[in-house]
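Student: What follows is entry_25.cif; its format and atoms are mmCIF, C-alpha atoms and all ligand atoms.
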data_input
#
loop_
_atom_site.label_atom_id
_atom_site.label_comp_id
_atom_site.auth_asym_id
_atom_site.auth_seq_id
_atom_site.Cartn_x
_atom_site.Cartn_y
_atom_site.Cartn_z
CA MET A 1 5.39 -31.26 -17.54
CA ASN A 2 1.84 -32.64 -17.75
CA ASP A 3 -1.09 -30.42 -16.85
CA ILE A 4 -1.33 -31.51 -13.25
CA ALA A 5 -2.42 -28.58 -11.07
CA PRO A 6 -0.11 -27.74 -8.16
CA PRO A 7 -1.46 -28.60 -4.70
CA PRO A 8 -2.80 -25.74 -2.54
CA ALA A 9 -0.16 -23.31 -1.29
CA THR A 10 1.15 -23.49 2.26
CA LEU A 11 0.80 -19.77 2.78
CA ARG A 12 -2.01 -17.38 1.97
CA ILE A 13 -3.58 -14.02 2.69
CA ASN A 14 -7.22 -13.90 3.63
CA LEU A 15 -8.64 -10.57 2.47
CA ASP A 16 -11.56 -9.01 4.28
CA SER A 17 -13.28 -7.41 1.28
CA ASP A 18 -16.00 -5.91 3.49
CA ALA A 19 -13.33 -4.13 5.53
CA LEU A 20 -11.66 -2.84 2.35
CA ALA A 21 -14.99 -1.49 1.05
CA ALA A 22 -15.88 -0.02 4.46
CA ASN A 23 -12.48 1.67 4.71
CA TRP A 24 -12.98 3.29 1.29
CA ARG A 25 -16.50 4.43 2.18
CA HIS A 26 -15.31 5.89 5.47
CA LEU A 27 -12.49 7.81 3.75
CA ASP A 28 -14.96 8.95 1.07
CA ARG A 29 -17.30 10.33 3.74
CA MET A 30 -14.38 12.10 5.42
CA SER A 31 -13.51 13.59 2.00
CA ALA A 32 -16.89 15.34 1.66
CA PRO A 33 -17.76 17.62 -0.03
CA GLY A 34 -15.10 16.04 -2.27
CA ARG A 35 -14.74 12.38 -3.21
CA ALA A 36 -12.14 9.75 -2.38
CA GLY A 37 -10.18 8.04 -5.13
CA ALA A 38 -7.85 5.11 -4.47
CA ALA A 39 -4.09 4.67 -4.72
CA VAL A 40 -3.70 1.19 -6.24
CA LYS A 41 0.01 1.37 -7.12
CA ALA A 42 2.42 -1.43 -6.29
CA ASP A 43 -0.28 -4.07 -6.80
CA CYS A 44 -2.61 -2.40 -4.30
CA TYR A 45 0.22 -2.07 -1.78
CA GLY A 46 0.95 -5.78 -2.04
CA LEU A 47 -2.62 -7.06 -1.59
CA GLY A 48 -3.31 -7.65 -5.30
CA VAL A 49 -5.01 -5.52 -7.97
CA ASP A 50 -7.28 -8.36 -9.07
CA ARG A 51 -8.66 -8.84 -5.58
CA CYS A 52 -8.80 -5.20 -4.45
CA VAL A 53 -9.69 -3.00 -7.45
CA PRO A 54 -13.10 -4.63 -8.10
CA VAL A 55 -13.99 -4.15 -4.42
CA LEU A 56 -12.96 -0.49 -4.49
CA ARG A 57 -14.84 0.05 -7.77
CA ASP A 58 -18.00 -1.58 -6.42
CA ALA A 59 -17.74 0.49 -3.23
CA GLY A 60 -17.84 3.60 -5.43
CA ALA A 61 -14.25 4.62 -6.24
CA ARG A 62 -13.94 6.31 -9.65
CA ASP A 63 -10.33 7.56 -9.65
CA PHE A 64 -7.35 5.23 -9.45
CA PHE A 65 -3.65 6.07 -9.08
CA VAL A 66 -0.67 3.97 -10.12
CA ALA A 67 3.01 4.92 -10.24
CA HIS A 68 4.26 3.14 -13.39
CA TRP A 69 2.93 2.75 -16.92
CA SER A 70 3.50 -0.97 -16.50
CA GLU A 71 0.76 -0.98 -13.85
CA VAL A 72 -1.98 0.42 -16.11
CA ALA A 73 -3.03 -2.73 -17.98
CA ASP A 74 -3.73 -4.79 -14.86
CA VAL A 75 -5.91 -2.07 -13.33
CA ALA A 76 -7.64 -1.38 -16.67
CA ARG A 77 -9.00 -4.94 -16.68
CA HIS A 78 -11.36 -3.80 -13.90
CA VAL A 79 -12.05 -0.08 -14.46
CA PRO A 80 -12.12 2.31 -17.44
CA ALA A 81 -8.59 3.33 -18.47
CA ALA A 82 -9.65 6.99 -18.35
CA SER A 83 -10.14 6.64 -14.58
CA ILE A 84 -6.46 5.71 -14.08
CA SER A 85 -3.79 8.36 -13.46
CA VAL A 86 -0.08 7.58 -13.67
CA LEU A 87 1.96 9.35 -11.01
CA HIS A 88 5.38 9.14 -12.67
CA GLY A 89 4.09 10.86 -15.81
CA PRO A 90 5.56 10.58 -19.32
CA ILE A 91 9.34 10.94 -19.44
CA SER A 92 9.69 9.74 -23.04
CA ALA A 93 7.79 9.73 -26.33
CA ALA A 94 7.22 6.00 -25.87
CA GLU A 95 5.45 6.60 -22.55
CA ALA A 96 3.38 9.45 -23.98
CA GLU A 97 2.32 7.27 -26.90
CA TYR A 98 1.40 4.48 -24.51
CA ALA A 99 -0.69 6.96 -22.50
CA ARG A 100 -2.61 8.00 -25.60
CA ALA A 101 -3.07 4.44 -26.80
CA SER A 102 -4.16 3.06 -23.41
CA GLY A 103 -6.37 6.00 -22.44
CA ALA A 104 -4.82 6.33 -18.97
CA ARG A 105 -4.04 9.90 -17.86
CA PRO A 106 -0.47 11.03 -17.38
CA ILE A 107 0.29 13.24 -14.41
CA ILE A 108 2.56 16.00 -15.73
CA ASN A 109 5.38 16.58 -13.24
CA SER A 110 7.74 18.95 -15.06
CA LEU A 111 8.00 21.26 -18.05
CA HIS A 112 9.90 18.45 -19.78
CA GLN A 113 6.93 16.14 -19.31
CA ALA A 114 4.55 18.89 -20.53
CA ARG A 115 6.63 19.16 -23.71
CA VAL A 116 6.74 15.37 -24.19
CA TRP A 117 2.96 15.21 -23.77
CA ALA A 118 2.29 18.12 -26.15
CA ALA A 119 4.67 16.63 -28.74
CA ALA A 120 2.75 13.34 -28.64
CA GLY A 121 -0.48 15.21 -29.36
CA GLY A 122 -1.59 15.89 -25.78
CA GLY A 123 -5.12 15.34 -24.47
CA PRO A 124 -6.60 15.10 -20.98
CA CYS A 125 -3.94 14.96 -18.26
CA ASP A 126 -3.39 15.75 -14.61
CA VAL A 127 -0.74 18.09 -13.23
CA MET A 128 1.31 17.64 -10.07
CA VAL A 129 2.66 20.77 -8.42
CA ASP A 130 5.39 20.56 -5.81
CA THR A 131 4.38 22.45 -2.67
CA GLY A 132 7.27 21.38 -0.47
CA ILE A 133 8.06 17.67 -0.71
CA ASN A 134 10.66 18.34 -3.42
CA ARG A 135 10.04 15.10 -5.20
CA LEU A 136 7.85 14.88 -8.31
CA GLY A 137 5.88 17.93 -9.48
CA LEU A 138 6.27 21.27 -11.22
CA ALA A 139 7.79 24.10 -9.21
CA MET A 140 5.31 26.84 -8.31
CA GLU A 141 7.19 29.21 -10.68
CA ASP A 142 6.66 26.82 -13.59
CA LEU A 143 2.87 27.05 -13.28
CA ALA A 144 2.91 30.38 -15.13
CA ASP A 145 4.67 28.83 -18.15
CA PRO A 146 2.54 29.06 -21.32
CA LEU A 147 3.00 25.30 -21.81
CA ILE A 148 0.86 24.70 -18.71
CA ALA A 149 -1.91 27.01 -19.90
CA GLU A 150 -2.21 24.86 -23.02
CA LEU A 151 -2.73 21.58 -21.16
CA GLU A 152 -6.16 20.00 -20.86
CA ILE A 153 -6.06 19.54 -17.09
CA ASN A 154 -8.47 17.16 -15.41
CA THR A 155 -6.98 17.35 -11.89
CA LEU A 156 -4.35 19.61 -10.36
CA MET A 157 -2.74 17.86 -7.44
CA SER A 158 0.03 18.10 -4.89
CA HIS A 159 1.37 15.71 -2.26
CA LEU A 160 1.88 16.27 1.48
CA ALA A 161 5.25 15.38 3.00
CA SER A 162 4.33 15.14 6.68
CA ALA A 163 0.60 14.60 6.93
CA ASP A 164 1.16 11.78 9.44
CA GLU A 165 2.73 14.27 11.89
CA GLU A 166 1.76 17.49 13.63
CA SER A 167 3.93 19.68 11.43
CA PRO A 168 3.61 23.33 10.44
CA ASP A 169 4.60 22.10 6.96
CA ASN A 170 1.08 20.72 6.49
CA HIS A 171 -0.53 24.15 6.72
CA ARG A 172 2.25 25.67 4.65
CA GLN A 173 1.72 23.11 1.86
CA MET A 174 -2.05 23.59 1.97
CA ALA A 175 -1.62 27.36 1.64
CA GLN A 176 0.76 26.91 -1.30
CA PHE A 177 -1.71 24.54 -2.92
CA ARG A 178 -4.44 27.17 -2.61
CA ARG A 179 -2.13 29.58 -4.41
CA ALA A 180 -1.51 26.98 -7.12
CA ARG A 181 -5.26 26.50 -7.41
CA SER A 182 -5.74 30.21 -8.10
CA MET A 183 -3.09 30.05 -10.85
CA VAL A 184 -4.11 26.89 -12.72
CA LYS A 185 -7.52 26.15 -14.18
CA ALA A 186 -8.39 22.49 -13.74
CA GLY A 187 -11.54 20.40 -13.46
CA ARG A 188 -10.66 19.28 -9.95
CA TYR A 189 -8.13 19.89 -7.20
CA SER A 190 -6.57 17.18 -5.02
CA LEU A 191 -4.09 17.34 -2.13
CA ALA A 192 -4.69 14.71 0.55
CA ASN A 193 -3.41 11.16 0.93
CA SER A 194 -4.79 8.96 3.76
CA ALA A 195 -3.21 10.99 6.54
CA GLY A 196 -4.10 14.27 4.80
CA ILE A 197 -7.80 13.35 4.88
CA ALA A 198 -7.58 13.21 8.68
CA LEU A 199 -6.13 16.74 8.78
CA GLY A 200 -9.65 18.06 8.14
CA GLN A 201 -11.87 19.97 5.74
CA ASP A 202 -9.19 22.44 4.60
CA TYR A 203 -7.23 19.57 3.08
CA VAL A 204 -9.80 17.55 1.14
CA PHE A 205 -10.61 19.86 -1.84
CA ASP A 206 -12.45 17.94 -4.65
CA LEU A 207 -10.67 14.60 -4.64
CA THR A 208 -8.53 12.68 -2.15
CA ARG A 209 -6.03 9.90 -2.87
CA PRO A 210 -5.97 7.45 0.05
CA GLY A 211 -3.79 4.35 -0.20
CA LEU A 212 -2.47 3.07 3.12
CA ALA A 213 -5.70 3.48 5.09
CA LEU A 214 -7.73 1.60 2.46
CA TYR A 215 -5.61 -1.46 3.18
CA GLY A 216 -5.84 -1.17 6.96
CA GLY A 217 -2.92 1.16 7.72
CA ILE A 218 -3.45 3.84 10.35
CA PRO A 219 -1.19 6.84 9.72
CA ARG A 220 -2.95 9.12 12.23
CA PRO A 221 -4.90 8.41 15.43
CA GLU A 222 -8.03 10.13 14.03
CA LEU A 223 -8.43 7.09 11.74
CA ALA A 224 -7.90 4.38 14.36
CA ALA A 225 -11.52 3.91 15.42
CA GLN A 226 -12.92 3.39 11.91
CA ILE A 227 -10.20 1.87 9.74
CA ARG A 228 -10.35 -1.93 9.85
CA GLN A 229 -7.67 -4.54 9.23
CA VAL A 230 -7.97 -5.93 5.69
CA ALA A 231 -5.20 -8.51 5.29
CA TYR A 232 -4.82 -11.65 7.38
CA PRO A 233 -1.78 -13.70 6.31
CA GLN A 234 -1.50 -17.33 7.38
CA ALA A 235 1.19 -19.98 6.94
CA ALA A 236 1.01 -23.74 7.37
CA LEU A 237 2.92 -25.88 9.83
CA LEU A 238 5.34 -28.04 7.79
CA LEU A 239 6.84 -30.16 10.52
CA ARG A 240 6.97 -30.65 14.29
CA ARG A 241 10.18 -31.27 16.16
CA ASP A 242 10.77 -31.89 19.85
CA LEU A 243 13.77 -29.95 21.03
CA LYS A 244 16.00 -31.14 23.89
CA PRO A 245 17.87 -28.88 26.27
CA GLY A 246 20.94 -27.53 24.44
CA ASP A 247 19.51 -27.88 20.90
CA LYS A 248 20.20 -24.81 18.79
CA VAL A 249 17.67 -23.59 16.25
CA GLY A 250 18.19 -22.11 12.78
CA TYR A 251 21.05 -20.30 11.06
CA ASN A 252 23.93 -19.42 13.35
CA GLY A 253 22.22 -21.22 16.24
CA THR A 254 21.06 -17.98 17.82
CA TYR A 255 18.43 -19.75 19.96
CA THR A 256 19.21 -22.57 22.37
CA ALA A 257 16.44 -24.62 23.97
CA GLU A 258 16.72 -24.73 27.75
CA ARG A 259 14.13 -27.44 28.26
CA VAL A 260 12.27 -30.08 26.34
CA MET A 261 10.15 -28.05 23.96
CA PRO A 262 7.82 -28.83 21.06
CA SER A 263 8.70 -26.65 18.09
CA GLY A 264 7.07 -26.11 14.70
CA ILE A 265 8.59 -25.29 11.32
CA VAL A 266 6.31 -22.82 9.49
CA SER A 267 6.09 -22.05 5.77
CA ILE A 268 6.88 -18.33 5.64
CA GLY A 269 10.22 -16.53 5.45
CA TYR A 270 11.90 -13.35 4.40
CA ALA A 271 11.34 -14.16 0.71
CA ASP A 272 7.64 -13.70 1.54
CA GLY A 273 8.28 -10.29 3.09
CA PHE A 274 8.48 -11.66 6.62
CA LEU A 275 11.81 -9.98 7.30
CA ARG A 276 14.38 -10.83 9.96
CA SER A 277 13.39 -7.67 11.80
CA ARG A 278 10.14 -9.46 12.68
CA GLY A 279 11.99 -12.28 14.43
CA GLY A 280 11.11 -10.99 17.89
CA GLU A 281 7.39 -11.47 17.33
CA ALA A 282 5.03 -14.40 17.77
CA LEU A 283 2.62 -16.24 15.49
CA ALA A 284 -0.73 -17.38 16.83
CA HIS A 285 -3.29 -20.17 16.61
CA ASP A 286 -6.80 -19.64 17.95
CA GLY A 287 -5.44 -16.81 20.06
CA ARG A 288 -2.66 -18.97 21.50
CA VAL A 289 0.73 -17.24 21.33
CA LEU A 290 3.56 -19.07 19.52
CA PRO A 291 6.83 -17.14 19.95
CA LEU A 292 9.35 -17.24 17.11
CA ILE A 293 12.68 -18.82 17.97
CA GLY A 294 15.94 -18.50 16.02
CA LYS A 295 16.50 -16.49 12.89
CA VAL A 296 13.93 -16.00 10.14
CA SER A 297 15.06 -18.06 7.10
CA MET A 298 14.23 -17.42 3.44
CA ASP A 299 11.30 -19.89 3.38
CA MET A 300 10.72 -20.80 7.03
CA VAL A 301 10.43 -19.69 10.59
CA VAL A 302 10.43 -21.80 13.74
CA VAL A 303 7.94 -21.33 16.58
CA ASP A 304 7.75 -22.56 20.14
CA LEU A 305 4.65 -24.80 20.24
CA THR A 306 4.47 -25.03 24.04
CA ASN A 307 1.13 -23.18 24.07
CA ALA A 308 -0.38 -25.34 21.32
CA PRO A 309 1.04 -28.86 21.61
CA ASP A 310 -1.92 -30.32 19.70
CA LEU A 311 -1.02 -28.65 16.36
CA LYS A 312 -0.18 -30.90 13.45
CA GLU A 313 1.32 -30.66 9.98
CA GLY A 314 -0.86 -28.59 7.65
CA ASP A 315 -2.54 -26.55 10.39
CA TRP A 316 -2.71 -22.82 9.64
CA LEU A 317 -0.96 -20.30 11.88
CA ASP A 318 -1.81 -16.60 11.95
CA ILE A 319 0.89 -14.12 11.00
CA PRO A 320 0.39 -10.88 12.95
CA PHE A 321 -0.63 -8.12 10.55
CA ASP A 322 -2.21 -5.46 12.74
CA LEU A 323 -0.28 -2.82 10.80
CA PRO A 324 0.32 -0.08 13.40
CA GLY A 325 1.27 -2.62 16.06
CA ALA A 326 3.42 -4.79 13.81
CA ALA A 327 5.23 -1.71 12.49
CA GLU A 328 5.92 -0.54 16.03
CA ARG A 329 7.30 -3.94 17.04
CA CYS A 330 9.64 -4.53 14.09
CA GLY A 331 10.71 -1.01 13.13
CA LEU A 332 9.40 -1.18 9.56
CA SER A 333 6.80 1.30 8.33
CA GLN A 334 3.21 0.17 7.76
CA TYR A 335 3.84 0.88 4.06
CA GLU A 336 6.85 -1.45 4.00
CA LEU A 337 4.96 -4.23 5.76
CA LEU A 338 2.27 -4.11 3.07
CA THR A 339 4.34 -3.59 -0.06
CA GLY A 340 6.94 -6.12 1.08
CA ILE A 341 4.40 -8.95 0.90
CA GLY A 342 6.06 -11.53 -1.35
CA HIS A 343 4.68 -13.09 -4.50
CA ARG A 344 4.21 -16.53 -2.98
CA LEU A 345 1.73 -14.97 -0.54
CA ARG A 346 -0.35 -13.01 -3.06
C1 LIG A 401 1.15 6.84 -2.79
C2 LIG A 401 0.51 8.17 -2.97
C3 LIG A 401 -0.71 8.45 -2.34
C4 LIG A 401 -1.34 7.53 -1.30
O1 LIG A 401 -0.72 7.82 -0.07
P1 LIG A 401 -1.09 7.07 1.30
O2 LIG A 401 -0.20 7.72 2.31
O3 LIG A 401 -0.76 5.64 1.10
O4 LIG A 401 -2.52 7.29 1.57
C5 LIG A 401 -1.34 9.63 -2.66
N1 LIG A 401 -0.78 10.52 -3.53
C6 LIG A 401 0.42 10.29 -4.10
C7 LIG A 401 0.98 11.32 -5.01
C8 LIG A 401 1.11 9.13 -3.84
O5 LIG A 401 2.31 8.92 -4.40
#
Mind turning this structure into structure tokens?
Tutor:
Amino acid sequence: MNDIAPPPATLRINLDSDALAANWRHLDRMSAPGRAGAAVKADCYGLGVDRCVPVLRDAGARDFFVAHWSEVADVARHVPAASISVLHGPISAAEAEYARASGARPIINSLHQARVWAAAGGGPCDVMVDTGINRLGLAMEDLADPLIAELEINTLMSHLASADEESPDNHRQMAQFRRARSMVKAGRYSLANSAGIALGQDYVFDLTRPGLALYGGIPRPELAAQIRQVAYPQAALLLRRDLKPGDKVGYNGTYTAERVMPSGIVSIGYADGFLRSRGGEALAHDGRVLPLIGKVSMDMVVVDLTNAPDLKEGDWLDIPFDLPGAAERCGLSQYELLTGIGHRLR
């Protein structure tokens, strides 16, 4: 292959960097007297580390959270490695050695991980305590283990299971976390994710870990007025086709035209994260509604162009990405809509 550059893509995401920065600043203010960090795992929830982390850093974020060790290097191109914490922690000597070599902080989730970390030589780390989600994190009983007393703990944290609901579990977890705080000496204490921040002052402690709301998700109504949409996906019109009455559209012919109808074939499909469950929605152009017809294919969808008969090949159509609304309409969570964004869109 010669070095010819590929032509511009036929699908894209426009990122509103100002909205991303404003969302972080708003969550940071709500986290006072503590500070907000930023969950940047899963490639910033699908929006791209290279585009989002510099914006979050410049807005003022100083603490970054990823899930996997494989995510550290990409984030560390933009921020000091020592500001990155790895949620899954070190399960093997290889991971502990990588932590020490890279400078990212492991989050110790079990006595096994505490042993692995100590055996590798230890150093600054975070500790996750389980206060009721029963996922990652040391059991409350384990906090008294002498291994924990020997750790050099930057941040003691826990994670809320139901912060996006009115649940008595929220208060219960917060009370448990206060108990954990009295048992473990750490530089900082951190409990709240995006939704937890909206639960109020009792939940913010020293550091919060918002993810979803940074990227425009709204897990609780308290955040609706201030959190702004960040991602605006668009896909190009590939072809126009005039349908006749009786023409069937797409796989399995699930849609039949009842009249003469202009249709458009659009360059986005389920391989891009636009799943079949979104097939009941509509795309848009300049506010004009273009209902989807037929099944979502891997690389394409078909729209009814009746409301925009002037559109031509190459014109950009808007993919709805108002996260709370889109989630409601298709039955996916706001998290799944973001993290499902496919590589061709990023
Ligand atoms: C993903 C994650 C977060 C961010 O949660 P959001 O609900 O997206 O704000 C915070 N803390 C932990 C431990 C996480 O795994």
Student: Between A:Gly132, A:Gly217, A:Gly253, A:Gly342, which residue has the minimum interatomic distance to ligand LIG 401 (chain A), considering only C-alpha atoms and all ligand atoms?
Tutor: A:Gly217
Student: Here is a test: counting all atoms listed in the file, which residue of A:Gly216, A:Gly287, A:Pro90, A:Pro8 is nearest to ligand LIG 401 (chain A)?
Tutor: A:Gly216
Student: Check every protein, DNA and RNA residue against ligand LIG 401 (chain A), keep those with an atom at most 10 Å away (counting all atoms listed in the file), and present them as a count of residues only.
Tutor: 48
Student: Calculate how many Å separate atom CA of Leu305 of chain A from atom CA of Gln234 of chain A, rounding to one decimal.
Tutor: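 The value is 16.1 Å.
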Student: Mind checking which residues fall within 9 Å of Val75 of chain A, counting only C-alpha atoms, ignoring those fewer than 2 positions away in the same chain, and posting them as a list in words?
Tutor: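 Once the adjacent positions are removed, what remains is Val40, Asp43, Val49, Asp50, Val53, Phe64, Val66, Glu71, Val72, Ala73, Arg77, His78, Val79, Pro80, Ala81 and Ile84 of chain A.
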Student: So how far away is atom CA of Tyr270 of chain A from atom CA of Ala19 of chain A, in Å?
Tutor: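 Here the two named atoms are 26.9 Å from each other.
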Student: Which residues come within 8 Å of Pro291 of chain A, counting all atoms listed in the file, excluding same-chain residues fewer than 5 positions away, as a ChimeraX atom specification?
Tutor: /A:280-283,303-305
Student: Restricting the calculation to only C-alpha atoms, which member of A:Leu47, A:Ala186, A:Ala5, A:Leu243 is positioned closest to Leu20 of chain A?
Tutor: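 Comparing A:Leu47, A:Ala186, A:Ala5, A:Leu243 against Leu20 of chain A, the winner is A:Leu47.
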Student: Around the point (8.9, 10.5, -23.2), in the coordinates given by the file, pick out the residues reaching within 9 Å, counting all atoms listed in the file, and return them as JSON, numbers by chain.
Tutor: {"A": [89, 90, 91, 92, 93, 94, 95, 96, 97, 112, 113, 115, 116, 117, 120]}
